[in-house]
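Next comes start-v7.cif, with mmCIF, C-alpha atoms and all ligand atoms; chains and numbers go by the auth columns.
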```cif
data_entry
#
loop_
_atom_site.group_PDB
_atom_site.id
_atom_site.type_symbol
_atom_site.label_atom_id
_atom_site.label_comp_id
_atom_site.label_asym_id
_atom_site.label_seq_id
_atom_site.Cartn_x
_atom_site.Cartn_y
_atom_site.Cartn_z
_atom_site.B_iso_or_equiv
_atom_site.auth_seq_id
_atom_site.auth_asym_id
ATOM 1 C CA MET A 1 93.236 100.135 -1.243 0.00 1 A
ATOM 2 C CA SER A 2 93.477 100.459 2.534 0.00 2 A
ATOM 3 C CA LEU A 3 96.835 100.617 4.296 0.00 3 A
ATOM 4 C CA LYS A 4 97.698 97.696 6.555 0.00 4 A
ATOM 5 C CA ILE A 5 99.566 98.455 9.786 0.00 5 A
ATOM 6 C CA ARG A 6 101.220 95.677 11.763 0.00 6 A
ATOM 7 C CA VAL A 7 100.478 96.107 15.455 0.00 7 A
ATOM 8 C CA VAL A 8 103.374 94.547 17.354 0.00 8 A
ATOM 9 C CA THR A 9 102.198 93.580 20.847 0.00 9 A
ATOM 10 C CA HIS A 10 101.472 90.601 23.088 0.00 10 A
ATOM 11 C CA ASN A 11 98.295 92.328 24.242 0.00 11 A
ATOM 12 C CA PRO A 12 95.068 91.504 22.340 0.00 12 A
ATOM 13 C CA GLY A 13 93.272 94.208 24.388 0.00 13 A
ATOM 14 C CA LYS A 14 95.375 96.906 22.724 0.00 14 A
ATOM 15 C CA VAL A 15 94.664 95.436 19.272 0.00 15 A
ATOM 16 C CA ARG A 16 90.909 95.524 19.972 0.00 16 A
ATOM 17 C CA GLU A 17 91.165 99.198 20.884 0.00 17 A
ATOM 18 C CA TYR A 18 93.206 100.015 17.770 0.00 18 A
ATOM 19 C CA GLN A 19 90.787 98.154 15.530 0.00 19 A
ATOM 20 C CA SER A 20 87.948 100.198 16.987 0.00 20 A
ATOM 21 C CA SER A 21 89.767 103.560 16.770 0.00 21 A
ATOM 22 C CA LEU A 22 92.211 103.471 13.831 0.00 22 A
ATOM 23 C CA GLY A 23 89.794 101.285 11.861 0.00 23 A
ATOM 24 C CA GLY A 24 87.636 104.410 11.640 0.00 24 A
ATOM 25 C CA TYR A 25 90.396 106.090 9.587 0.00 25 A
ATOM 26 C CA GLY A 26 90.304 103.293 7.014 0.00 26 A
ATOM 27 C CA LEU A 27 93.444 101.606 8.341 0.00 27 A
ATOM 28 C CA GLU A 28 93.615 97.829 8.544 0.00 28 A
ATOM 29 C CA MET A 29 95.296 96.311 11.604 0.00 29 A
ATOM 30 C CA GLU A 30 97.307 93.095 11.558 0.00 30 A
ATOM 31 C CA HIS A 31 98.268 91.700 14.970 0.00 31 A
ATOM 32 C CA ILE A 32 101.911 90.589 15.188 0.00 32 A
ATOM 33 C CA ASN A 33 102.813 88.784 18.398 0.00 33 A
ATOM 34 C CA ARG A 34 106.556 89.416 18.375 0.00 34 A
ATOM 35 C CA GLU A 35 109.261 90.310 20.906 0.00 35 A
ATOM 36 C CA TYR A 36 111.390 93.419 20.978 0.00 36 A
ATOM 37 C CA ASP A 37 113.714 94.647 23.707 0.00 37 A
ATOM 38 C CA GLU A 38 112.305 97.094 26.241 0.00 38 A
ATOM 39 C CA VAL A 39 115.142 99.309 27.482 0.00 39 A
ATOM 40 C CA GLN A 40 115.315 100.284 31.168 0.00 40 A
ATOM 41 C CA THR A 41 114.439 103.982 31.250 0.00 41 A
ATOM 42 C CA ASP A 42 112.011 106.375 32.939 0.00 42 A
ATOM 43 C CA HIS A 43 110.474 107.384 29.607 0.00 43 A
ATOM 44 C CA LEU A 44 107.902 105.464 27.560 0.00 44 A
ATOM 45 C CA GLU A 45 109.061 107.416 24.477 0.00 45 A
ATOM 46 C CA GLU A 46 112.573 106.023 24.775 0.00 46 A
ATOM 47 C CA VAL A 47 111.256 102.446 25.019 0.00 47 A
ATOM 48 C CA VAL A 48 109.191 103.056 21.877 0.00 48 A
ATOM 49 C CA ASP A 49 112.030 104.762 19.974 0.00 49 A
ATOM 50 C CA LYS A 50 114.493 101.912 20.660 0.00 50 A
ATOM 51 C CA GLY A 51 111.870 99.220 19.973 0.00 51 A
ATOM 52 C CA MET A 52 110.981 100.768 16.612 0.00 52 A
ATOM 53 C CA LYS A 53 114.621 100.982 15.549 0.00 53 A
ATOM 54 C CA GLN A 54 115.173 97.339 16.480 0.00 54 A
ATOM 55 C CA LEU A 55 112.097 96.067 14.596 0.00 55 A
ATOM 56 C CA HIS A 56 112.950 98.169 11.526 0.00 56 A
ATOM 57 C CA ALA A 57 116.544 96.883 11.576 0.00 57 A
ATOM 58 C CA GLU A 58 115.087 93.349 11.662 0.00 58 A
ATOM 59 C CA GLY A 59 113.194 94.113 8.443 0.00 59 A
ATOM 60 C CA LEU A 60 109.702 94.894 9.724 0.00 60 A
ATOM 61 C CA ARG A 61 107.868 97.626 7.759 0.00 61 A
ATOM 62 C CA ASP A 62 104.615 99.601 8.214 0.00 62 A
ATOM 63 C CA PHE A 63 104.209 98.804 11.884 0.00 63 A
ATOM 64 C CA MET A 64 103.261 100.334 15.200 0.00 64 A
ATOM 65 C CA ILE A 65 104.147 99.654 18.814 0.00 65 A
ATOM 66 C CA ASP A 66 102.647 100.978 22.042 0.00 66 A
ATOM 67 C CA ASP A 67 104.241 101.362 25.450 0.00 67 A
ATOM 68 C CA SER A 68 101.855 102.397 28.195 0.00 68 A
ATOM 69 C CA GLY A 69 101.872 102.847 31.939 0.00 69 A
ATOM 70 C CA LEU A 70 99.898 103.862 34.994 0.00 70 A
ATOM 71 C CA PHE A 71 101.538 106.699 36.947 0.00 71 A
ATOM 72 C CA VAL A 72 100.242 106.975 40.534 0.00 72 A
ATOM 73 C CA ASN A 73 100.903 110.403 42.070 0.00 73 A
ATOM 74 C CA ALA A 74 101.135 109.205 45.678 0.00 74 A
ATOM 75 C CA PHE A 75 103.963 106.862 44.590 0.00 75 A
ATOM 76 C CA GLY A 76 105.903 109.513 42.644 0.00 76 A
ATOM 77 C CA GLY A 77 104.687 108.075 39.346 0.00 77 A
ATOM 78 C CA PHE A 78 105.298 104.390 40.153 0.00 78 A
ATOM 79 C CA PRO A 79 104.597 101.878 38.593 0.00 79 A
ATOM 80 C CA GLY A 80 104.961 103.975 35.383 0.00 80 A
ATOM 81 C CA VAL A 81 107.405 102.244 33.075 0.00 81 A
ATOM 82 C CA TYR A 82 107.275 99.223 35.423 0.00 82 A
ATOM 83 C CA SER A 83 103.491 98.821 35.003 0.00 83 A
ATOM 84 C CA ALA A 84 103.708 95.512 33.148 0.00 84 A
ATOM 85 C CA TYR A 85 105.950 94.000 35.842 0.00 85 A
ATOM 86 C CA VAL A 86 103.713 95.213 38.688 0.00 86 A
ATOM 87 C CA GLN A 87 100.582 93.938 36.908 0.00 87 A
ATOM 88 C CA LYS A 88 102.253 90.548 36.394 0.00 88 A
ATOM 89 C CA THR A 89 103.510 90.231 39.975 0.00 89 A
ATOM 90 C CA VAL A 90 101.086 91.819 42.484 0.00 90 A
ATOM 91 C CA GLY A 91 98.301 92.693 40.011 0.00 91 A
ATOM 92 C CA ASN A 92 95.314 94.892 40.793 0.00 92 A
ATOM 93 C CA PRO A 93 94.791 93.420 44.309 0.00 93 A
ATOM 94 C CA GLY A 94 98.396 94.335 45.140 0.00 94 A
ATOM 95 C CA VAL A 95 97.998 97.923 43.917 0.00 95 A
ATOM 96 C CA LEU A 96 94.761 98.310 45.905 0.00 96 A
ATOM 97 C CA LYS A 97 96.560 96.999 48.998 0.00 97 A
ATOM 98 C CA LEU A 98 99.441 99.460 48.523 0.00 98 A
ATOM 99 C CA MET A 99 96.886 102.283 48.208 0.00 99 A
ATOM 100 C CA ASN A 100 95.194 101.318 51.472 0.00 100 A
ATOM 101 C CA GLY A 101 94.911 104.395 53.713 0.00 101 A
ATOM 102 C CA ILE A 102 96.338 106.725 51.059 0.00 102 A
ATOM 103 C CA GLU A 103 94.126 109.757 50.529 0.00 103 A
ATOM 104 C CA ASP A 104 95.535 111.034 47.236 0.00 104 A
ATOM 105 C CA ARG A 105 94.316 108.409 44.750 0.00 105 A
ATOM 106 C CA SER A 106 95.034 110.484 41.644 0.00 106 A
ATOM 107 C CA ALA A 107 96.828 108.749 38.793 0.00 107 A
ATOM 108 C CA THR A 108 97.494 109.224 35.101 0.00 108 A
ATOM 109 C CA PHE A 109 97.548 106.683 32.320 0.00 109 A
ATOM 110 C CA ARG A 110 100.029 107.428 29.556 0.00 110 A
ATOM 111 C CA CYS A 111 100.184 105.747 26.154 0.00 111 A
ATOM 112 C CA CYS A 112 103.077 106.251 23.761 0.00 112 A
ATOM 113 C CA ILE A 113 102.531 105.049 20.193 0.00 113 A
ATOM 114 C CA GLY A 114 105.285 104.767 17.621 0.00 114 A
ATOM 115 C CA THR A 115 104.557 104.127 13.959 0.00 115 A
ATOM 116 C CA TRP A 116 106.974 103.621 11.092 0.00 116 A
ATOM 117 C CA ILE A 117 105.098 103.742 7.796 0.00 117 A
ATOM 118 C CA GLY A 118 107.135 103.992 4.593 0.00 118 A
ATOM 119 C CA ASN A 119 109.859 106.507 5.522 0.00 119 A
ATOM 120 C CA GLU A 120 107.699 108.289 8.093 0.00 120 A
ATOM 121 C CA ARG A 121 108.427 107.770 11.784 0.00 121 A
ATOM 122 C CA ILE A 122 105.926 109.229 14.233 0.00 122 A
ATOM 123 C CA ILE A 123 105.907 109.082 18.051 0.00 123 A
ATOM 124 C CA VAL A 124 102.963 110.512 20.021 0.00 124 A
ATOM 125 C CA THR A 125 101.872 110.282 23.661 0.00 125 A
ATOM 126 C CA GLY A 126 98.324 110.520 24.999 0.00 126 A
ATOM 127 C CA VAL A 127 97.396 110.949 28.652 0.00 127 A
ATOM 128 C CA CYS A 128 94.287 110.332 30.726 0.00 128 A
ATOM 129 C CA PRO A 129 94.068 111.650 34.291 0.00 129 A
ATOM 130 C CA GLY A 130 91.844 109.852 36.779 0.00 130 A
ATOM 131 C CA GLU A 131 91.970 107.975 40.034 0.00 131 A
ATOM 132 C CA ILE A 132 92.508 104.576 41.558 0.00 132 A
ATOM 133 C CA LEU A 133 89.206 103.174 42.818 0.00 133 A
ATOM 134 C CA HIS A 134 88.793 101.534 46.238 0.00 134 A
ATOM 135 C CA GLU A 135 87.863 98.188 44.675 0.00 135 A
ATOM 136 C CA ALA A 136 88.030 96.496 41.273 0.00 136 A
ATOM 137 C CA ARG A 137 84.913 97.001 39.155 0.00 137 A
ATOM 138 C CA GLY A 138 83.752 95.654 35.792 0.00 138 A
ATOM 139 C CA THR A 139 84.746 92.820 33.512 0.00 139 A
ATOM 140 C CA GLY A 140 85.727 94.578 30.277 0.00 140 A
ATOM 141 C CA GLY A 141 89.067 95.974 29.152 0.00 141 A
ATOM 142 C CA PHE A 142 92.379 94.637 30.416 0.00 142 A
ATOM 143 C CA GLY A 143 95.239 95.292 32.833 0.00 143 A
ATOM 144 C CA TYR A 144 94.507 98.100 35.291 0.00 144 A
ATOM 145 C CA ASP A 145 91.113 98.951 33.747 0.00 145 A
ATOM 146 C CA PRO A 146 89.018 97.564 36.657 0.00 146 A
ATOM 147 C CA ILE A 147 90.766 99.784 39.243 0.00 147 A
ATOM 148 C CA PHE A 148 91.144 103.006 37.196 0.00 148 A
ATOM 149 C CA SER A 149 88.399 105.561 36.783 0.00 149 A
ATOM 150 C CA PRO A 150 88.647 108.646 34.552 0.00 150 A
ATOM 151 C CA ASP A 151 85.722 110.367 36.311 0.00 151 A
ATOM 152 C CA GLY A 152 85.678 108.894 39.832 0.00 152 A
ATOM 153 C CA LYS A 153 82.529 106.959 38.972 0.00 153 A
ATOM 154 C CA ARG A 154 82.920 104.208 36.392 0.00 154 A
ATOM 155 C CA SER A 155 86.029 102.120 35.915 0.00 155 A
ATOM 156 C CA PHE A 156 87.465 101.676 32.417 0.00 156 A
ATOM 157 C CA ALA A 157 86.384 98.009 32.708 0.00 157 A
ATOM 158 C CA GLU A 158 82.741 99.093 33.009 0.00 158 A
ATOM 159 C CA ILE A 159 82.539 100.996 29.735 0.00 159 A
ATOM 160 C CA PRO A 160 82.481 99.761 26.116 0.00 160 A
ATOM 161 C CA THR A 161 85.682 99.984 24.032 0.00 161 A
ATOM 162 C CA GLU A 162 84.387 102.892 21.907 0.00 162 A
ATOM 163 C CA ASP A 163 83.581 104.928 25.020 0.00 163 A
ATOM 164 C CA LYS A 164 86.983 104.145 26.527 0.00 164 A
ATOM 165 C CA ASN A 165 88.651 105.262 23.276 0.00 165 A
ATOM 166 C CA ALA A 166 86.805 108.594 23.416 0.00 166 A
ATOM 167 C CA ILE A 167 88.462 109.543 26.733 0.00 167 A
ATOM 168 C CA SER A 168 91.459 107.258 27.229 0.00 168 A
ATOM 169 C CA HIS A 169 95.212 107.840 26.937 0.00 169 A
ATOM 170 C CA ARG A 170 95.270 105.457 23.949 0.00 170 A
ATOM 171 C CA GLY A 171 92.338 107.226 22.276 0.00 171 A
ATOM 172 C CA ALA A 172 94.090 110.590 22.742 0.00 172 A
ATOM 173 C CA ALA A 173 97.308 109.189 21.269 0.00 173 A
ATOM 174 C CA VAL A 174 95.392 107.763 18.294 0.00 174 A
ATOM 175 C CA ARG A 175 93.827 111.157 17.541 0.00 175 A
ATOM 176 C CA MET A 176 97.288 112.798 17.614 0.00 176 A
ATOM 177 C CA LEU A 177 98.622 110.032 15.403 0.00 177 A
ATOM 178 C CA ALA A 178 95.746 110.495 12.929 0.00 178 A
ATOM 179 C CA ASP A 179 96.570 114.238 12.708 0.00 179 A
ATOM 180 C CA GLU A 180 100.200 113.424 11.921 0.00 180 A
ATOM 181 C CA LEU A 181 99.260 110.759 9.353 0.00 181 A
ATOM 182 C CA ARG A 182 96.882 113.217 7.694 0.00 182 A
ATOM 183 C CA LYS A 183 99.584 115.924 7.528 0.00 183 A
ATOM 184 C CA ARG A 184 101.835 113.447 5.733 0.00 184 A
ATOM 185 C CA GLY A 185 99.087 112.382 3.300 0.00 185 A
ATOM 186 C CA ILE A 186 99.058 108.808 4.626 0.00 186 A
ATOM 187 C CA ILE A 187 95.348 109.004 5.484 0.00 187 A
ATOM 188 C CA ASN A 188 92.645 111.432 4.291 0.00 188 A
HETATM 189 P P1 LIG B . 102.726 97.704 28.158 0.00 1 B
HETATM 190 O O1 LIG B . 102.531 98.934 27.358 0.00 1 B
HETATM 191 O O2 LIG B . 102.208 96.509 27.414 0.00 1 B
HETATM 192 O O3 LIG B . 104.125 97.569 28.681 0.00 1 B
HETATM 193 O O4 LIG B . 101.719 97.843 29.377 0.00 1 B
HETATM 194 C C1 LIG B . 102.100 98.110 30.680 0.00 1 B
HETATM 195 C C2 LIG B . 101.064 97.585 31.622 0.00 1 B
HETATM 196 O O5 LIG B . 99.990 98.512 31.694 0.00 1 B
HETATM 197 C C3 LIG B . 100.480 96.231 31.264 0.00 1 B
HETATM 198 O O6 LIG B . 100.295 95.483 32.446 0.00 1 B
HETATM 199 C C4 LIG B . 99.147 96.580 30.628 0.00 1 B
HETATM 200 O O7 LIG B . 98.180 95.581 30.865 0.00 1 B
HETATM 201 C C5 LIG B . 98.787 97.859 31.363 0.00 1 B
HETATM 202 N N1 LIG B . 98.020 98.730 30.484 0.00 1 B
HETATM 203 C C6 LIG B . 98.443 99.331 29.339 0.00 1 B
HETATM 204 N N2 LIG B . 97.439 100.032 28.781 0.00 1 B
HETATM 205 C C7 LIG B . 96.368 99.873 29.598 0.00 1 B
HETATM 206 C C8 LIG B . 95.030 100.312 29.531 0.00 1 B
HETATM 207 O O8 LIG B . 94.597 100.995 28.609 0.00 1 B
HETATM 208 N N3 LIG B . 94.244 99.930 30.551 0.00 1 B
HETATM 209 C C9 LIG B . 94.671 99.166 31.593 0.00 1 B
HETATM 210 N N4 LIG B . 95.896 98.699 31.684 0.00 1 B
HETATM 211 C C10 LIG B . 96.745 99.046 30.689 0.00 1 B
#
```

Mind converting the file's structure to structure tokens?
Amino acid sequence: MSLKIRVVTHNPGKVREYQSSLGGYGLEMEHINREYDEVQTDHLEEVVDKGMKQLHAEGLRDFMIDDSGLFVNAFGGFPGVYSAYVQKTVGNPGVLKLMNGIEDRSATFRCCIGTWIGNERIIVTGVCPGEILHEARGTGGFGYDPIFSPDGKRSFAEIPTEDKNAISHRGAAVRMLADELRKRGIIN
């Protein structure tokens, strides 16, 4: 029988990526659209740690959460933990405008995943270095995908989900998570 993990997020794009990546390890994903508090901190890991404890205290079991962010070097890592707020307010056009005239376009995506399965709590973080493009490109993906490129050529929004998973911050985090789950005998 396959193990079902509840993916707690408002973001269907993340669920699609998890279905495509973790599905390959024989895990079944169930999307749970549910709130948890996101503490004000500089660290994705702390947001995930507190969120997991809250959801577990509320009775949720066998679940995972994901806190991600885009860290732009020229802005000292901003928007980082504020990525959701910046995406909601100024969006990709606003970020492109802020980057106008800035030579260093390097940025890193970070994805922190927390899972609590049975008594096992695991927190892993994957990263993907790349750059902010000069204009939005592509229609796939979500969030900052159209303006972020891992190789300076294609944006994340121009490549299929499986290809994004092979190189992305979330894909890297999933591979680390799979190693940890394997060590604990939760997957083969
Ligand atoms: P959160 O993890 O849901 O708080 O995401 C923070 C912000 O980063 C949101 O605006 C997401 O849309 C965006 N984001 C998270 N992961 C990705 C990604 O893989 N690609 C593009 N944007 C992302």

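Atom CA of A:Lys50 sits 18.7 Å away from atom CA of A:Ala173.
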
Next on the checklist: Residues near stretch 23-26 of chain A, anyone? I mean within 9 Å using all atoms listed in the file, not counting same-chain ones fewer than 4 positions away, as a ChimeraX atom specification.
Outcome noted: /A:2-3,18-19,178,187-188

Would you write out those residues with C-alpha atoms, as an mmCIF file, in the frame of the given file?
```cif
data_model
loop_
_atom_site.group_PDB
_atom_site.id
_atom_site.type_symbol
_atom_site.label_atom_id
_atom_site.label_comp_id
_atom_site.auth_asym_id
_atom_site.auth_seq_id
_atom_site.Cartn_x
_atom_site.Cartn_y
_atom_site.Cartn_z
ATOM 1 C CA SER A 2 93.477 100.459 2.534
ATOM 2 C CA LEU A 3 96.835 100.617 4.296
ATOM 3 C CA TYR A 18 93.206 100.015 17.770
ATOM 4 C CA GLN A 19 90.787 98.154 15.530
ATOM 5 C CA ALA A 178 95.746 110.495 12.929
ATOM 6 C CA ILE A 187 95.348 109.004 5.484
ATOM 7 C CA ASN A 188 92.645 111.432 4.291
#
```

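Distance annotation: of A:Ile5, A:Leu55, A:Val90, A:Cys111, the residue with the minimal separation from ligand LIG 1 (chain B) is A:Cys111; atom set is all atoms listed in the file.
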
Checklist entry - Mind listing the residues within 8 Å of ligand LIG 1 (chain B), all atoms listed in the file counted, as a ChimeraX atom specification? => result /A:9-11,14,66-70,81-88,109-111,141-146,148,156,168-170

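Comparing the minimum interatomic distances between A:Phe71 and each of A:Val95, A:Val47, A:Ile167, A:Ile117, counting only C-alpha atoms, we find that A:Val95 sits nearest.
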